[in-house]
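> Next up is a structure, given as structure tokens.
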Amino acid sequence: MATCKIIHTADWQLGKPFGRFPAEVSAALSEARLDAIDRLSAVASDQGASHVVVAGDVFDNVDPGDRIVMQALSRMDRANVTWWLMPGNHDHARPGGLWSRVRRVAPARVRVVDTPEAVELESNAWLLPAPLEHRKTASDPTAAMVDMPTPPGAIRIGLAHGSITEFGAAGESANLIPPDRAKSAGLDYLALGDWHGYLTVGDRTAYSGTPETDRFGRDEPGSCISVEVRQGDVPTLERVDTGRYRWFSRRWEVSGVEDLRRKVEDLRSDARLSDVLLSLKLSGVANLAERVAISSELDDKVAHELRHLDVDTSGLVARPRPEDVARIDVQGALAAAAVSLQARAEAGGPDAGVAAAALERLYVEVMRRGAEVVA
């Protein structure tokens with residue numbers, strides 16, 4: 001029985017700008033996507049695979065810039081593996097465009113598959129690509145695979161970029177692929193891109209996910225798939241982690257700074273904090289001093305340990321105790337304001353949240369001024 005070992009990957013999106021983040025964070029995330037090529041090389045070596053097939057969106061757009069292109073190609077050239085690069089919706093093929101330029105400068109071990117024609121991977125194994133010529137197309141990009149000729153008894157590996165039909169309602173999604181394409185086209189394996197997480201569809205079709213996670217909502221690290229394809233038999237798939245950065249979304253209920261510290265320690269057991277981007281929503285009820293201590297812990301410590309922190313503390317309610325207000329050692333108008341704000345915060349009316357926030361701000365400023373006087 002003919003067999004072929006490949007590494008299936010997709011959605012590198014090299015050159016992605018990550019513009020919502022500070023410059024040092026976006027630069028680190030962009031560089032990590034290039035570093036993922038080196039990790040994929042290592043996976044191929046460890047798994048004994050001679051080919052890495054990239055199911056679209058190698059680049060984030062059709063003009064990623066010369067540095068990104070040359071960095072990617074030079075890294076691929078260092079690996080003892082053949083790379084098969086196919087255009088996706090972000091980097092779709094067009095005459096005289098990105099892929100013509102890549103082909104001109106690519107080393108021999110990098111192959112561009114930008115036409116829907118079967119190409120020989122190795123003896124008895126053929127790749128059937130479905131490159132995208134537009135960002136969105138209403139037609140099924142894999143339809144041509146049904147009639148792509150390959151020698152009798154050869155392994156047939158499809159390579160495509162798009163959404164399985166069930167993922168979206170007909171007419172609302174583009175680049176739709178039927179879930180039974182592997183069967184209808186006689187494929188031994190269909191390697192897909194576009195979905196940024198690992199997902200299998202039946203026993204012969206899978207999404208590899210991106211090698212570097214790029215959004216909140218996916219706690220798992222970036223990955224690829226090591227695939228042993230066997231002619232006429234079900235392929236063997238092994239998901240392999242490749243990602244450096246982890247994008248965690250968490251909702252924590254806390255009542256004091258010690259609660260927060262325990263949850264941070266739990267997070268530390270999941271990943272190295274310097275490689276974590278955290279989207280955090282806090283909830284709970286804390287006295288005013290603890291509310292301020294929690295904010296200080298996040299701003300002065302946790303945010304600096306993490307690669308990046310997005311935090312929403314609007315769900316953490318401050319319930320000031322009499323002793324909290326007593327510590328606001330002010331007189332005259334400020335004293336009256338503190339009492340009024342406390343009453344409004346405790347009343348729970350429509351402006352209770354604003355009153356609590358204002359009281360907290362007053363508390364912080366008084367404590368800060370007191371610390372400066374002592375110093």
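We name chains A, B, ... following the order of the structure tokens; residues begin at 1 in each chain, and ligands are numbered from 1 as shown.
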Would you please extract all helix (DSSP H, G or I) residues from stretch 230-313 of chain A, as assigned by DSSP on the backbone, and give them as a PyMOL selection string?
chain A and resi 257-270+273-275+288-305
> Residues near A:Asp310, anyone? I mean within 10 Å using only C-alpha atoms, not counting same-chain ones fewer than 2 positions away, as JSON, numbers by chain.
{"A": [21, 249, 277, 278, 279, 280, 281, 303, 308, 312]}
> Report as a tab-separated table: every residue of stretch 131-221 of chain A with an atom at most 12 Å from stretch 35-39 of chain A, its closest pair of atoms, and their distance in Å to one decimal, counting only C-alpha atoms, with rows sorted by chain and ascending residue number.

residue	atom	partner	partner_atom	distance
A:Thr210	CA	A:Ala36	CA	9.6
A:Pro211	CA	A:Ala36	CA	6.3
A:Glu212	CA	A:Ala36	CA	6.9
A:Thr213	CA	A:Ala36	CA	10.7
A:Pro221	CA	A:Ala36	CA	11.9
> Find the residues around A:Gly97 up to 12 Å (only C-alpha atoms counted), leave out those fewer than 6 positions away in its own chain, and share them as a count of residues only.
10
> Write out as a PyMOL selection string which residues come within 10 Å of A:Ala352 when counting only C-alpha atoms, dropping same-chain ones fewer than 4 positions away.
chain A and resi 317+341-348+356-358
> So what do you get for atom CA of A:Leu190 versus atom CA of A:Asp241, distance-wise?
20.2 Å
> Have a look at A:Ser269, A:Gly158, A:Asp214, A:Arg261 and name the one nearest to A:Trp247; count only C-alpha atoms.
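Answer, going by the shortest atom-to-atom distance: A:Asp214.
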> Which is closer to A:Ser255 than all the others in A:Ile294, A:Leu159, A:Val240, A:Val339, using only C-alpha atoms?
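Comparing A:Ile294, A:Leu159, A:Val240, A:Val339 against A:Ser255, the winner is A:Ile294.
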> Have a look at atom CA of A:Tyr189 and atom CA of A:Ala174 and let me know their distance in Å, one decimal.
22.3 Å
> For A:Val264, which residue out of A:Lys301, A:Ala293, A:His196, A:Pro235 is the nearest one, using only C-alpha atoms?
A:Lys301
> Please report the interatomic distance between atom CA of A:Asn80 and atom CA of A:Met145 in Å with one decimal.
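It comes out at 28.9 Å.
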> Set the distance at 9 Å and use only C-alpha atoms: which residues neighbour A:His51 once local chain neighbours fewer than 4 positions away are removed? I'd like the list as a JSON list (two decimals) with N, CA and C atoms, in the first residue's frame.

[["chain", "number", "residue", "atom", "x", "y", "z"],
["A", 4, "CYS", "N", 2.33, 8.22, 2.19],
["A", 4, "CYS", "CA", 3.02, 9.50, 2.05],
["A", 4, "CYS", "C", 2.87, 10.26, 3.37],
["A", 5, "LYS", "N", 3.95, 10.80, 3.90],
["A", 5, "LYS", "CA", 3.93, 11.54, 5.16],
["A", 5, "LYS", "C", 4.05, 13.04, 4.86],
["A", 6, "ILE", "N", 3.08, 13.80, 5.33],
["A", 6, "ILE", "CA", 3.10, 15.25, 5.10],
["A", 6, "ILE", "C", 2.83, 15.99, 6.41],
["A", 7, "ILE", "N", 3.21, 17.27, 6.43],
["A", 7, "ILE", "CA", 2.79, 18.19, 7.48],
["A", 7, "ILE", "C", 1.78, 19.14, 6.85],
["A", 8, "HIS", "N", 0.60, 19.17, 7.41],
["A", 8, "HIS", "CA", -0.48, 20.03, 6.91],
["A", 8, "HIS", "C", -0.57, 21.27, 7.80],
["A", 44, "ALA", "N", 8.48, 18.71, 10.93],
["A", 44, "ALA", "CA", 8.66, 17.85, 9.76],
["A", 44, "ALA", "C", 9.84, 16.90, 9.96],
["A", 81, "VAL", "N", 13.09, 19.97, 3.47],
["A", 81, "VAL", "CA", 11.72, 19.58, 3.20],
["A", 81, "VAL", "C", 11.24, 20.40, 2.01],
["A", 82, "THR", "N", 10.25, 19.90, 1.29],
["A", 82, "THR", "CA", 9.66, 20.66, 0.20],
["A", 82, "THR", "C", 8.39, 21.34, 0.69],
["A", 83, "TRP", "N", 8.27, 22.63, 0.41],
["A", 83, "TRP", "CA", 7.13, 23.43, 0.85],
["A", 83, "TRP", "C", 6.21, 23.67, -0.35],
["A", 84, "TRP", "N", 4.92, 23.42, -0.16],
["A", 84, "TRP", "CA", 3.93, 23.60, -1.20],
["A", 84, "TRP", "C", 2.99, 24.72, -0.76],
["A", 121, "LEU", "N", 3.77, 15.05, -5.91],
["A", 121, "LEU", "CA", 4.56, 15.29, -4.70],
["A", 121, "LEU", "C", 5.79, 14.40, -4.71]]
> Taking only stretch 62-304 of chain A into account, list the residues labelled strand (DSSP E) by DSSP (computed from the backbone), as a ChimeraX atom specification.
/A:82-85,110-112,119-122,125-130,155-161,163-164,176-177,189-193,199-201,205-207,223-230,236-241,246-253,276-286
> If you count only C-alpha atoms, which residues fall within 10 Å of A:Leu199, apart from same-chain ones fewer than 4 positions away, as a PDB file with N, CA, C and O atoms, in the first residue's frame?

ATOM      1  N   LEU A 192      -7.356  21.340   4.598  1.00  0.00           N
ATOM      2  CA  LEU A 192      -8.077  22.604   4.474  1.00  0.00           C
ATOM      3  C   LEU A 192      -7.443  23.719   5.296  1.00  0.00           C
ATOM      4  O   LEU A 192      -6.808  23.478   6.320  1.00  0.00           O
ATOM      5  N   TRP A 195     -10.285  28.048   8.579  1.00  0.00           N
ATOM      6  CA  TRP A 195     -10.688  27.963   9.976  1.00  0.00           C
ATOM      7  C   TRP A 195      -9.418  27.960  10.811  1.00  0.00           C
ATOM      8  O   TRP A 195      -8.529  27.124  10.603  1.00  0.00           O
ATOM      9  N   THR A 205     -10.846  14.516   6.130  1.00  0.00           N
ATOM     10  CA  THR A 205     -10.796  15.963   5.912  1.00  0.00           C
ATOM     11  C   THR A 205     -10.507  16.663   7.232  1.00  0.00           C
ATOM     12  O   THR A 205     -11.080  16.299   8.261  1.00  0.00           O
ATOM     13  N   ALA A 206      -9.627  17.671   7.196  1.00  0.00           N
ATOM     14  CA  ALA A 206      -9.304  18.374   8.440  1.00  0.00           C
ATOM     15  C   ALA A 206      -8.807  19.784   8.158  1.00  0.00           C
ATOM     16  O   ALA A 206      -8.241  20.075   7.098  1.00  0.00           O
ATOM     17  N   TYR A 207      -9.059  20.656   9.130  1.00  0.00           N
ATOM     18  CA  TYR A 207      -8.429  21.977   9.201  1.00  0.00           C
ATOM     19  C   TYR A 207      -7.261  21.866  10.179  1.00  0.00           C
ATOM     20  O   TYR A 207      -7.428  21.364  11.295  1.00  0.00           O
ATOM     21  N   SER A 208      -6.121  22.376   9.770  1.00  0.00           N
ATOM     22  CA  SER A 208      -4.938  22.296  10.636  1.00  0.00           C
ATOM     23  C   SER A 208      -4.935  23.363  11.711  1.00  0.00           C
ATOM     24  O   SER A 208      -4.312  23.213  12.763  1.00  0.00           O
ATOM     25  N   GLY A 209      -5.635  24.488  11.454  1.00  0.00           N
ATOM     26  CA  GLY A 209      -5.495  25.652  12.318  1.00  0.00           C
ATOM     27  C   GLY A 209      -4.245  26.429  11.955  1.00  0.00           C
ATOM     28  O   GLY A 209      -3.388  25.966  11.192  1.00  0.00           O
ATOM     29  N   ARG A 239      -2.311  15.901  15.764  1.00  0.00           N
ATOM     30  CA  ARG A 239      -2.197  17.342  15.977  1.00  0.00           C
ATOM     31  C   ARG A 239      -0.921  17.631  16.748  1.00  0.00           C
ATOM     32  O   ARG A 239      -0.646  17.005  17.771  1.00  0.00           O
TER      33      ARG A 239
END
> Looking at only C-alpha atoms, which of A:Leu306, A:Leu29, A:Ala79, A:Ala144 is the one that sits closest to A:Arg109?
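Smallest separation from A:Arg109 among the options: A:Ala79.
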> Calculated over only C-alpha atoms, which of the candidates A:Val229, A:Ala289, A:Ala336, A:Ala154 has the smallest distance to A:Gly256?
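Of all the options, A:Ala289 lies closest to A:Gly256.
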